[in-house]
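Working notes, beginning with the structure itself.
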Amino acid sequence: MAIRDWLAAFSKDVVEVQEPVATDLEATRFLLRHPRQPVHLRNLQGGEAVGNLWSTRDRVAAALRVSNADLLPKLMEAQAHPKDARVVARADFMRHETTDVDLRELPIPKLFPKDAGRYVTAGVWVAEWEGARNLSFHRILVLGADRGACRIVPRHLRHMYDEAMKAGGELKVAVCIGLDPWNLLAGGTSVEYGVDESRIASALTQSCLGKPVDMVRIKNGLTVPGEAEYVLEGRLIHEVHDEGPFVDAVRTYDRVRKEPVLVVDRIYHRDQPIFHIIVGGLDEHFMFMGMPREPVIYQAVSRAVPHVKAVRLTEGGCAWLHGVVSIRKQHQGDGKNAIMAAFGAHTSMKQVVIVDEDIDIFDDRDVEWAIATRFQADRGLVVLHDVRGSSIDPSARDGFTSKMGIDATKPLAADPAMFDKATL
Ligand code: MN
């Protein structure tokens, strides 16, 4: 769907900004003021832009026409059983295309004062190498009319890039901006190399909406999601440039690194396109970075204990470093096994709380209540020293971190009257 249609669907939540907004920090002011509402900037340096569009689970679930509770099972099923997308002949973004590229004319903001410059943040990259297709998020620092420095984390796109450079060539890429939430969730998914994430998006829409995702072939030969507002067609070349500082998920500045340079050869866009901005460390970032990890944690903990009810990476923990898992405890020690499994599944996580299934893990206060009334540090605490952790945690030393698991499940033989919350 076009972003304009989503804005119409959620119109009661939307903050409309009619006044002219400059790309230098001004957009951030509006986006920080309304973090959980879609903010529609009607005139961001002459173009239209939106931020915080998918900042709540409610809106993502509503777009997929499922309940919040069904979101994780649906995502898990889609990750386990990807399905083919449908290749169509045309897409709305093909209505306008130009090789007279100037990224500086697009409504791309500089978000925070010490950021290195203007950044594309909501771009899902498509690349193909030796028959494998990959979708992933990578930020782009605008360097000039047709160039950007791109943070290519050491995962699948980096592998394709390294192989292409070894072969003495370039890597053809497409950066899709203004996607529907299923493709954004797919872009944030970490599955094994060779799994085409667009097939995860398609499995998700197939099971929730009864239709596959539409893909379309662009001029450089790549096949990309058809619903994009903008598509930047280009190449990663054998050249690096300083990238950063930039505010990442933990809302601190990520450091400067030498990163690959993207050359944009062609820009496609819809009629009156709306540029999508994801602000680092706000809830919309969490939705597409953290939430796609929850099914992975769910499956790992399910192998360690008989029944997992729910998994959540918490906003307070940047939806990356801290999590909560609710289980049905059947053996003394299940809580600790769940802790070990959760840390193994999501290696960036440094704190996990395991609770019983009567606790609402989506309510931080209820989780703290479980810790307050069911946890004793001398029996329920697991501390791991010097484990490999997240690169974006400023308190980690050289990538090493300590991890804390809190088993806040009640003792198995407990008298319910002593531990269960009283109700009428
Ligand atoms: Mn991948």
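Residues in the structure tokens are numbered from 1 in each chain, the chains being A, B, ... in the order shown, and ligands are numbered from 1 in the order shown.
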Practice item. Give the alpha helix (DSSP H) residues of stretch 210-404 of chain A, as DSSP finds them on the backbone, and put them as a PyMOL selection string. Key: chain A and resi 283-289+294-304+334-345+364-374+377-380
Practice item. Kindly compile the residues surrounding ligand 1 within 12 Å, counting only C-alpha atoms and all ligand atoms, and format them as a ChimeraX atom specification. Key: /A:79,124-129,132-137,153-160,186-200
Using only C-alpha atoms, I'd like a table of the residues in stretch 316-363 of chain A that come within 9 Å of stretch 276-287 of chain A; for each, show the closest atom pair and its distance in Å rounded to one decimal, ordered by chain and ascending number, as a tab-separated table.
```
residue	atom	partner	partner_atom	distance
A:Cys318	CA	A:Gly281	CA	6.7
A:Ala319	CA	A:Phe286	CA	5.4
A:Trp320	CA	A:Phe286	CA	7.7
```
Please produce a file of the residues just selected, as a PDB file, in the first residue's frame, where the atoms kept are N, CA, C and O atoms.
```pdb
ATOM      1  N   CYS A 318      15.951  -0.871  24.883  1.00  0.00           N
ATOM      2  CA  CYS A 318      16.227  -0.553  23.474  1.00  0.00           C
ATOM      3  C   CYS A 318      15.763  -1.674  22.536  1.00  0.00           C
ATOM      4  O   CYS A 318      16.236  -1.779  21.411  1.00  0.00           O
ATOM      5  N   ALA A 319      14.844  -2.503  23.029  1.00  0.00           N
ATOM      6  CA  ALA A 319      14.329  -3.643  22.251  1.00  0.00           C
ATOM      7  C   ALA A 319      15.463  -4.458  21.640  1.00  0.00           C
ATOM      8  O   ALA A 319      15.340  -5.032  20.559  1.00  0.00           O
ATOM      9  N   TRP A 320      16.573  -4.507  22.352  1.00  0.00           N
ATOM     10  CA  TRP A 320      17.746  -5.214  21.840  1.00  0.00           C
ATOM     11  C   TRP A 320      18.551  -5.844  22.977  1.00  0.00           C
ATOM     12  O   TRP A 320      18.972  -6.981  22.895  1.00  0.00           O
TER      13      TRP A 320
END
```
Exercise for review: Would you mind listing what lies within 10 Å of A:Asn220 as a PyMOL selection string, with only C-alpha atoms counted and same-chain residues fewer than 5 positions away left out?
Suggested key: chain A and resi 172-174+233-235+265-266
Check your understanding: With only C-alpha atoms as the basis for distance, which of A:Arg86, A:Val264, A:Arg293, A:Glu26 is at the shortest distance from A:Ala145?
Key ->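 Looking only at the distances to A:Ala145, the closest residue turns out to be A:Val264.
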**Study point:** Distance in Å - atom CA of A:Asn337 versus atom CA of A:Asp393
**Key:** 24.9 Å
Check your understanding: What is the atom CA of A:His269-atom CA of A:Thr98 distance in Å, reported with one decimal?
Key -> 9.1 Å
Show me, as an mmCIF file with N, CA and C atoms, in the first residue's frame, the residues that have an atom within 10 Å of A:Ala62 when counting only C-alpha atoms, minus same-chain residues fewer than 6 positions from it.
```
data_model
loop_
_atom_site.group_PDB
_atom_site.id
_atom_site.type_symbol
_atom_site.label_atom_id
_atom_site.label_comp_id
_atom_site.auth_asym_id
_atom_site.auth_seq_id
_atom_site.Cartn_x
_atom_site.Cartn_y
_atom_site.Cartn_z
ATOM 1 N N ALA A 9 -5.574 5.458 6.723
ATOM 2 C CA ALA A 9 -6.125 4.391 7.574
ATOM 3 C C ALA A 9 -5.937 4.710 9.063
ATOM 4 N N PHE A 10 -4.835 5.381 9.400
ATOM 5 C CA PHE A 10 -4.556 5.696 10.815
ATOM 6 C C PHE A 10 -4.768 7.183 11.097
ATOM 7 N N THR A 56 3.976 1.505 16.921
ATOM 8 C CA THR A 56 3.267 0.691 17.922
ATOM 9 C C THR A 56 2.976 -0.694 17.354
ATOM 10 N N ASN A 68 -2.618 -8.295 18.529
ATOM 11 C CA ASN A 68 -1.233 -8.133 19.003
ATOM 12 C C ASN A 68 -0.633 -9.467 19.431
ATOM 13 N N LEU A 71 0.722 -11.616 16.583
ATOM 14 C CA LEU A 71 1.807 -11.094 15.748
ATOM 15 C C LEU A 71 3.048 -11.990 15.804
#
```
DSSP strand (DSSP E) selection over stretch 148-204 of chain A, as a compact mmCIF listing (two decimals) with all heavy atoms, in the first residue's frame:
```txt
# COMPACT_ATOMS: atom_id res chain seq x y z
N GLY A 148 26.87 7.70 -1.18
CA GLY A 148 26.65 7.60 0.25
C GLY A 148 27.62 6.62 0.86
O GLY A 148 28.16 5.74 0.17
N ALA A 149 27.88 6.78 2.19
CA ALA A 149 28.66 5.80 2.93
C ALA A 149 27.65 4.98 3.73
O ALA A 149 26.77 5.55 4.38
CB ALA A 149 29.65 6.49 3.86
N CYS A 150 27.78 3.66 3.69
CA CYS A 150 26.73 2.79 4.20
C CYS A 150 27.26 1.86 5.27
O CYS A 150 28.28 1.20 5.05
CB CYS A 150 26.17 1.96 3.06
SG CYS A 150 25.86 2.96 1.59
N LEU A 171 28.88 -4.58 -6.48
CA LEU A 171 27.66 -5.31 -6.11
C LEU A 171 26.45 -4.44 -6.43
O LEU A 171 26.31 -3.35 -5.88
CB LEU A 171 27.68 -5.69 -4.62
CG LEU A 171 26.50 -6.55 -4.19
CD1 LEU A 171 26.55 -7.95 -4.82
CD2 LEU A 171 26.44 -6.66 -2.67
N LYS A 172 25.60 -4.94 -7.32
CA LYS A 172 24.36 -4.23 -7.66
C LYS A 172 23.42 -4.29 -6.47
O LYS A 172 23.22 -5.35 -5.87
CB LYS A 172 23.68 -4.92 -8.85
CG LYS A 172 24.32 -4.61 -10.18
CD LYS A 172 23.45 -5.08 -11.32
CE LYS A 172 23.71 -6.54 -11.65
NZ LYS A 172 22.98 -7.01 -12.83
N VAL A 173 22.83 -3.16 -6.14
CA VAL A 173 21.90 -3.13 -5.02
C VAL A 173 20.70 -2.25 -5.38
O VAL A 173 20.76 -1.46 -6.33
CB VAL A 173 22.56 -2.56 -3.73
CG1 VAL A 173 23.66 -3.47 -3.23
CG2 VAL A 173 23.09 -1.14 -3.97
N ALA A 174 19.64 -2.40 -4.59
CA ALA A 174 18.50 -1.49 -4.67
C ALA A 174 18.10 -1.17 -3.24
O ALA A 174 18.05 -2.06 -2.39
CB ALA A 174 17.34 -2.15 -5.41
N VAL A 175 17.87 0.11 -2.96
CA VAL A 175 17.46 0.53 -1.62
C VAL A 175 16.00 0.99 -1.72
O VAL A 175 15.70 1.94 -2.46
CB VAL A 175 18.35 1.67 -1.09
CG1 VAL A 175 17.92 2.07 0.32
CG2 VAL A 175 19.82 1.27 -1.12
N CYS A 176 15.12 0.28 -1.00
CA CYS A 176 13.68 0.53 -1.11
C CYS A 176 13.21 1.30 0.12
O CYS A 176 13.42 0.84 1.25
CB CYS A 176 12.94 -0.78 -1.22
SG CYS A 176 13.59 -1.81 -2.55
N ILE A 177 12.57 2.42 -0.12
CA ILE A 177 12.16 3.30 0.97
C ILE A 177 10.65 3.51 0.90
O ILE A 177 10.11 3.78 -0.17
CB ILE A 177 12.88 4.66 0.89
CG1 ILE A 177 14.40 4.44 0.92
CG2 ILE A 177 12.45 5.60 2.03
CD1 ILE A 177 15.19 5.54 0.25
```
Exercise for review: Quick one: everything within 7 Å of A:Arg255, counting only C-alpha atoms, minus sequence neighbours fewer than 2 positions away in the same chain. Send it as a PyMOL selection string.
Suggested key: chain A and resi 244-245+253+257
Can I get the residues of stretch 174-245 of chain A within 12 Å of stretch 30-54 of chain A, each with the closest pair of atoms and their distance in Å to one decimal, using only C-alpha atoms, sorted chain first then ascending number, as a Markdown table?
```
| residue | atom | partner | partner_atom | distance |
| --- | --- | --- | --- | --- |
| A:Ile177 | CA | A:Ala49 | CA | 10.8 |
| A:Gly178 | CA | A:Val50 | CA | 8.9 |
| A:Leu179 | CA | A:Trp54 | CA | 10.8 |
| A:Asp180 | CA | A:Trp54 | CA | 9.4 |
| A:Pro181 | CA | A:Trp54 | CA | 7.3 |
| A:Trp182 | CA | A:Trp54 | CA | 10.9 |
| A:Leu184 | CA | A:Trp54 | CA | 9.6 |
| A:Leu185 | CA | A:Trp54 | CA | 10.5 |
| A:Glu229 | CA | A:Ala49 | CA | 10.5 |
| A:Tyr230 | CA | A:Ala49 | CA | 11.5 |
```
Distance query stretch 374-385 of chain A at most 12 Å, only C-alpha atoms, self and fewer than 4 positions along chain excluded, as an mmCIF file with N, CA, C and O atoms, in the first residue's frame:
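For reference, part.cif as written:
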```cif
data_model
loop_
_atom_site.group_PDB
_atom_site.id
_atom_site.type_symbol
_atom_site.label_atom_id
_atom_site.label_comp_id
_atom_site.auth_asym_id
_atom_site.auth_seq_id
_atom_site.Cartn_x
_atom_site.Cartn_y
_atom_site.Cartn_z
ATOM 1 N N GLN A 332 11.383 -27.579 38.597
ATOM 2 C CA GLN A 332 12.243 -26.626 39.260
ATOM 3 C C GLN A 332 13.510 -26.498 38.395
ATOM 4 O O GLN A 332 14.026 -27.501 37.918
ATOM 5 N N GLY A 333 13.955 -25.280 38.109
ATOM 6 C CA GLY A 333 15.121 -25.114 37.235
ATOM 7 C C GLY A 333 14.755 -24.723 35.819
ATOM 8 O O GLY A 333 15.621 -24.320 35.042
ATOM 9 N N ASP A 334 13.476 -24.817 35.452
ATOM 10 C CA ASP A 334 13.050 -24.385 34.103
ATOM 11 C C ASP A 334 13.416 -22.923 33.853
ATOM 12 O O ASP A 334 13.807 -22.549 32.743
ATOM 13 N N GLY A 335 13.272 -22.104 34.875
ATOM 14 C CA GLY A 335 13.554 -20.671 34.725
ATOM 15 C C GLY A 335 14.994 -20.437 34.290
ATOM 16 O O GLY A 335 15.274 -19.648 33.391
ATOM 17 N N LYS A 336 15.918 -21.178 34.920
ATOM 18 C CA LYS A 336 17.339 -20.984 34.579
ATOM 19 C C LYS A 336 17.667 -21.545 33.200
ATOM 20 O O LYS A 336 18.461 -20.959 32.458
ATOM 21 N N ASN A 337 17.055 -22.665 32.842
ATOM 22 C CA ASN A 337 17.275 -23.177 31.484
ATOM 23 C C ASN A 337 16.746 -22.183 30.452
ATOM 24 O O ASN A 337 17.346 -21.996 29.393
ATOM 25 N N ALA A 338 15.622 -21.543 30.778
ATOM 26 C CA ALA A 338 15.054 -20.542 29.861
ATOM 27 C C ALA A 338 16.017 -19.367 29.701
ATOM 28 O O ALA A 338 16.198 -18.835 28.598
ATOM 29 N N ILE A 339 16.671 -18.982 30.799
ATOM 30 C CA ILE A 339 17.649 -17.882 30.749
ATOM 31 C C ILE A 339 18.785 -18.236 29.786
ATOM 32 O O ILE A 339 19.139 -17.449 28.893
ATOM 33 N N MET A 340 19.340 -19.452 29.946
ATOM 34 C CA MET A 340 20.470 -19.852 29.101
ATOM 35 C C MET A 340 20.066 -19.905 27.630
ATOM 36 O O MET A 340 20.809 -19.469 26.746
ATOM 37 N N PHE A 343 19.663 -16.301 26.138
ATOM 38 C CA PHE A 343 20.960 -15.657 25.856
ATOM 39 C C PHE A 343 21.625 -16.274 24.628
ATOM 40 O O PHE A 343 22.261 -15.582 23.836
ATOM 41 N N GLY A 344 21.474 -17.596 24.474
ATOM 42 C CA GLY A 344 22.071 -18.267 23.323
ATOM 43 C C GLY A 344 21.413 -17.855 22.013
ATOM 44 O O GLY A 344 22.065 -17.773 20.978
ATOM 45 N N MET A 349 21.607 -9.794 23.808
ATOM 46 C CA MET A 349 20.819 -9.574 25.023
ATOM 47 C C MET A 349 21.688 -9.723 26.261
ATOM 48 O O MET A 349 22.437 -10.682 26.390
ATOM 49 N N LYS A 350 21.598 -8.752 27.183
ATOM 50 C CA LYS A 350 22.413 -8.811 28.404
ATOM 51 C C LYS A 350 21.575 -8.917 29.669
ATOM 52 O O LYS A 350 22.116 -9.103 30.750
ATOM 53 N N GLN A 351 20.251 -8.780 29.543
ATOM 54 C CA GLN A 351 19.383 -9.014 30.700
ATOM 55 C C GLN A 351 18.108 -9.688 30.233
ATOM 56 O O GLN A 351 17.466 -9.230 29.286
ATOM 57 N N VAL A 352 17.769 -10.798 30.907
ATOM 58 C CA VAL A 352 16.480 -11.415 30.593
ATOM 59 C C VAL A 352 15.778 -11.761 31.901
ATOM 60 O O VAL A 352 16.416 -12.195 32.861
ATOM 61 N N VAL A 353 14.486 -11.505 31.933
ATOM 62 C CA VAL A 353 13.655 -11.843 33.093
ATOM 63 C C VAL A 353 12.703 -12.958 32.667
ATOM 64 O O VAL A 353 12.039 -12.838 31.628
ATOM 65 N N ILE A 354 12.687 -14.039 33.438
ATOM 66 C CA ILE A 354 11.767 -15.146 33.148
ATOM 67 C C ILE A 354 10.639 -15.081 34.183
ATOM 68 O O ILE A 354 10.892 -15.026 35.393
ATOM 69 N N VAL A 355 9.412 -15.051 33.685
ATOM 70 C CA VAL A 355 8.247 -14.956 34.579
ATOM 71 C C VAL A 355 7.272 -16.090 34.267
ATOM 72 O O VAL A 355 7.358 -16.733 33.221
ATOM 73 N N ASP A 356 6.313 -16.289 35.186
ATOM 74 C CA ASP A 356 5.248 -17.273 34.961
ATOM 75 C C ASP A 356 4.224 -16.685 33.990
ATOM 76 O O ASP A 356 4.182 -15.473 33.755
ATOM 77 N N ILE A 359 1.850 -13.497 34.376
ATOM 78 C CA ILE A 359 2.395 -12.130 34.300
ATOM 79 C C ILE A 359 2.226 -11.589 32.877
ATOM 80 O O ILE A 359 2.511 -12.284 31.908
ATOM 81 N N ASP A 366 4.007 -4.950 35.748
ATOM 82 C CA ASP A 366 3.677 -6.321 36.137
ATOM 83 C C ASP A 366 4.953 -7.175 36.210
ATOM 84 O O ASP A 366 5.095 -8.009 37.102
ATOM 85 N N VAL A 367 5.869 -6.938 35.273
ATOM 86 C CA VAL A 367 7.136 -7.681 35.272
ATOM 87 C C VAL A 367 7.933 -7.332 36.534
ATOM 88 O O VAL A 367 8.471 -8.208 37.210
ATOM 89 N N GLU A 368 7.964 -6.058 36.878
ATOM 90 C CA GLU A 368 8.694 -5.671 38.095
ATOM 91 C C GLU A 368 8.018 -6.247 39.337
ATOM 92 O O GLU A 368 8.688 -6.633 40.302
ATOM 93 N N TRP A 369 6.690 -6.330 39.285
ATOM 94 C CA TRP A 369 5.949 -6.943 40.401
ATOM 95 C C TRP A 369 6.388 -8.402 40.582
ATOM 96 O O TRP A 369 6.587 -8.864 41.709
ATOM 97 N N ALA A 370 6.552 -9.104 39.477
ATOM 98 C CA ALA A 370 7.001 -10.501 39.556
ATOM 99 C C ALA A 370 8.392 -10.579 40.178
ATOM 100 O O ALA A 370 8.665 -11.446 41.019
ATOM 101 N N GLY A 389 29.074 -9.653 23.447
ATOM 102 C CA GLY A 389 27.785 -8.964 23.507
ATOM 103 C C GLY A 389 27.574 -8.050 22.328
ATOM 104 O O GLY A 389 28.164 -8.231 21.268
ATOM 105 N N ALA A 396 29.794 -2.025 27.255
ATOM 106 C CA ALA A 396 30.559 -3.249 26.970
ATOM 107 C C ALA A 396 32.024 -2.877 26.759
ATOM 108 O O ALA A 396 32.323 -1.776 26.298
ATOM 109 N N ARG A 397 32.938 -3.795 27.124
ATOM 110 C CA ARG A 397 34.359 -3.535 26.926
ATOM 111 C C ARG A 397 34.862 -4.390 25.774
ATOM 112 O O ARG A 397 34.825 -5.610 25.879
ATOM 113 N N PHE A 400 32.874 -7.241 24.862
ATOM 114 C CA PHE A 400 32.560 -8.216 25.906
ATOM 115 C C PHE A 400 31.644 -7.585 26.942
ATOM 116 O O PHE A 400 31.777 -6.420 27.292
ATOM 117 N N THR A 401 30.720 -8.396 27.417
ATOM 118 C CA THR A 401 29.705 -7.881 28.315
ATOM 119 C C THR A 401 29.453 -8.909 29.408
ATOM 120 O O THR A 401 29.868 -10.057 29.299
ATOM 121 N N SER A 402 28.795 -8.481 30.473
ATOM 122 C CA SER A 402 28.311 -9.429 31.469
ATOM 123 C C SER A 402 26.812 -9.519 31.309
ATOM 124 O O SER A 402 26.175 -8.545 30.908
ATOM 125 N N LYS A 403 26.272 -10.665 31.601
ATOM 126 C CA LYS A 403 24.838 -10.871 31.382
ATOM 127 C C LYS A 403 24.173 -11.270 32.678
ATOM 128 O O LYS A 403 24.752 -11.975 33.497
ATOM 129 N N MET A 404 22.928 -10.794 32.832
ATOM 130 C CA MET A 404 22.186 -11.054 34.055
ATOM 131 C C MET A 404 20.849 -11.692 33.696
ATOM 132 O O MET A 404 20.052 -11.115 32.959
ATOM 133 N N GLY A 405 20.637 -12.889 34.210
ATOM 134 C CA GLY A 405 19.350 -13.560 34.035
ATOM 135 C C GLY A 405 18.610 -13.578 35.356
ATOM 136 O O GLY A 405 19.202 -13.889 36.396
ATOM 137 N N ILE A 406 17.356 -13.204 35.329
ATOM 138 C CA ILE A 406 16.554 -13.134 36.551
ATOM 139 C C ILE A 406 15.424 -14.145 36.449
ATOM 140 O O ILE A 406 14.545 -14.011 35.593
ATOM 141 N N ASP A 407 15.483 -15.166 37.306
ATOM 142 C CA ASP A 407 14.405 -16.150 37.325
ATOM 143 C C ASP A 407 13.360 -15.686 38.336
ATOM 144 O O ASP A 407 13.513 -15.879 39.537
ATOM 145 N N ALA A 408 12.321 -15.049 37.824
ATOM 146 C CA ALA A 408 11.263 -14.508 38.696
ATOM 147 C C ALA A 408 10.019 -15.396 38.645
ATOM 148 O O ALA A 408 8.897 -14.921 38.792
ATOM 149 N N THR A 409 10.247 -16.690 38.430
ATOM 150 C CA THR A 409 9.115 -17.622 38.493
ATOM 151 C C THR A 409 8.925 -18.057 39.935
ATOM 152 O O THR A 409 9.884 -18.111 40.718
ATOM 153 N N LYS A 410 7.690 -18.377 40.286
ATOM 154 C CA LYS A 410 7.449 -18.781 41.681
ATOM 155 C C LYS A 410 7.900 -20.231 41.880
ATOM 156 O O LYS A 410 7.951 -21.001 40.903
ATOM 157 N N PRO A 411 8.218 -20.608 43.129
ATOM 158 C CA PRO A 411 8.630 -21.994 43.392
ATOM 159 C C PRO A 411 7.522 -22.954 42.954
ATOM 160 O O PRO A 411 6.334 -22.641 43.086
ATOM 161 N N LEU A 412 7.920 -24.113 42.442
ATOM 162 C CA LEU A 412 6.948 -25.016 41.836
ATOM 163 C C LEU A 412 5.872 -25.476 42.824
ATOM 164 O O LEU A 412 4.697 -25.551 42.488
ATOM 165 N N ALA A 414 4.717 -23.962 45.321
ATOM 166 C CA ALA A 414 4.242 -22.817 46.115
ATOM 167 C C ALA A 414 2.740 -22.868 46.365
ATOM 168 O O ALA A 414 1.981 -23.355 45.544
ATOM 169 N N PRO A 416 -0.507 -21.181 46.091
ATOM 170 C CA PRO A 416 -0.969 -20.074 45.237
ATOM 171 C C PRO A 416 -1.387 -18.842 46.037
ATOM 172 O O PRO A 416 -1.163 -17.711 45.594
ATOM 173 N N MET A 418 -0.037 -17.543 48.416
ATOM 174 C CA MET A 418 1.115 -16.735 48.803
ATOM 175 C C MET A 418 1.697 -15.950 47.622
ATOM 176 O O MET A 418 2.367 -14.953 47.810
ATOM 177 N N PHE A 419 1.470 -16.435 46.414
ATOM 178 C CA PHE A 419 2.173 -15.869 45.261
ATOM 179 C C PHE A 419 1.279 -15.255 44.180
ATOM 180 O O PHE A 419 1.747 -14.468 43.368
ATOM 181 N N ASP A 420 0.013 -15.657 44.133
ATOM 182 C CA ASP A 420 -0.836 -15.178 43.037
ATOM 183 C C ASP A 420 -1.477 -13.844 43.393
ATOM 184 O O ASP A 420 -1.845 -13.616 44.542
ATOM 185 N N LYS A 421 -1.589 -13.001 42.397
ATOM 186 C CA LYS A 421 -2.171 -11.681 42.612
ATOM 187 C C LYS A 421 -3.650 -11.832 42.956
ATOM 188 O O LYS A 421 -4.381 -12.549 42.263
#
```
Review point. When distances are computed from only C-alpha atoms, which of A:Ala342, A:Val325, A:Val60, A:Ala80 shows the smallest separation from A:Arg303?
Key: A:Ala342
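Here atom CA of A:Lys219 and atom CA of A:Val87 stand 14.4 Å from one another.
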Point to revise | Selection near A:Arg90, 12 Å with only C-alpha atoms, sequence-local residues under 5 positions removed, as an NGL selection string | key: :A and (95 or 214-219 or 223-228 or 270)
Study note, to complete from the structure: Judged by only C-alpha atoms, the minimum distance to A:Pro295 among A:Ile361, A:Leu321, A:Ala2, A:Leu72 is found for A:Leu72
Go through stretch 204-319 of chain A residue by residue and, counting only C-alpha atoms, keep those with an atom at most 10 Å from stretch 138-144 of chain A; for each kept residue give the shortest atom pair and its distance in Å to one decimal, ordered by chain and increasing number, as a Markdown table.
```
| residue | atom | partner | partner_atom | distance |
| --- | --- | --- | --- | --- |
| A:His241 | CA | A:Leu143 | CA | 9.1 |
| A:Asp242 | CA | A:Leu141 | CA | 9.3 |
| A:Glu243 | CA | A:Leu141 | CA | 6.7 |
| A:Gly244 | CA | A:Leu141 | CA | 7.8 |
| A:Pro245 | CA | A:Leu141 | CA | 9.9 |
| A:Phe246 | CA | A:Leu141 | CA | 9.1 |
| A:Asp248 | CA | A:Arg139 | CA | 10.0 |
| A:Pro260 | CA | A:Ile140 | CA | 9.9 |
| A:Val261 | CA | A:Leu143 | CA | 9.1 |
| A:Leu262 | CA | A:Ile140 | CA | 8.3 |
| A:Val263 | CA | A:Gly144 | CA | 9.7 |
| A:Ile278 | CA | A:Arg139 | CA | 9.9 |
```
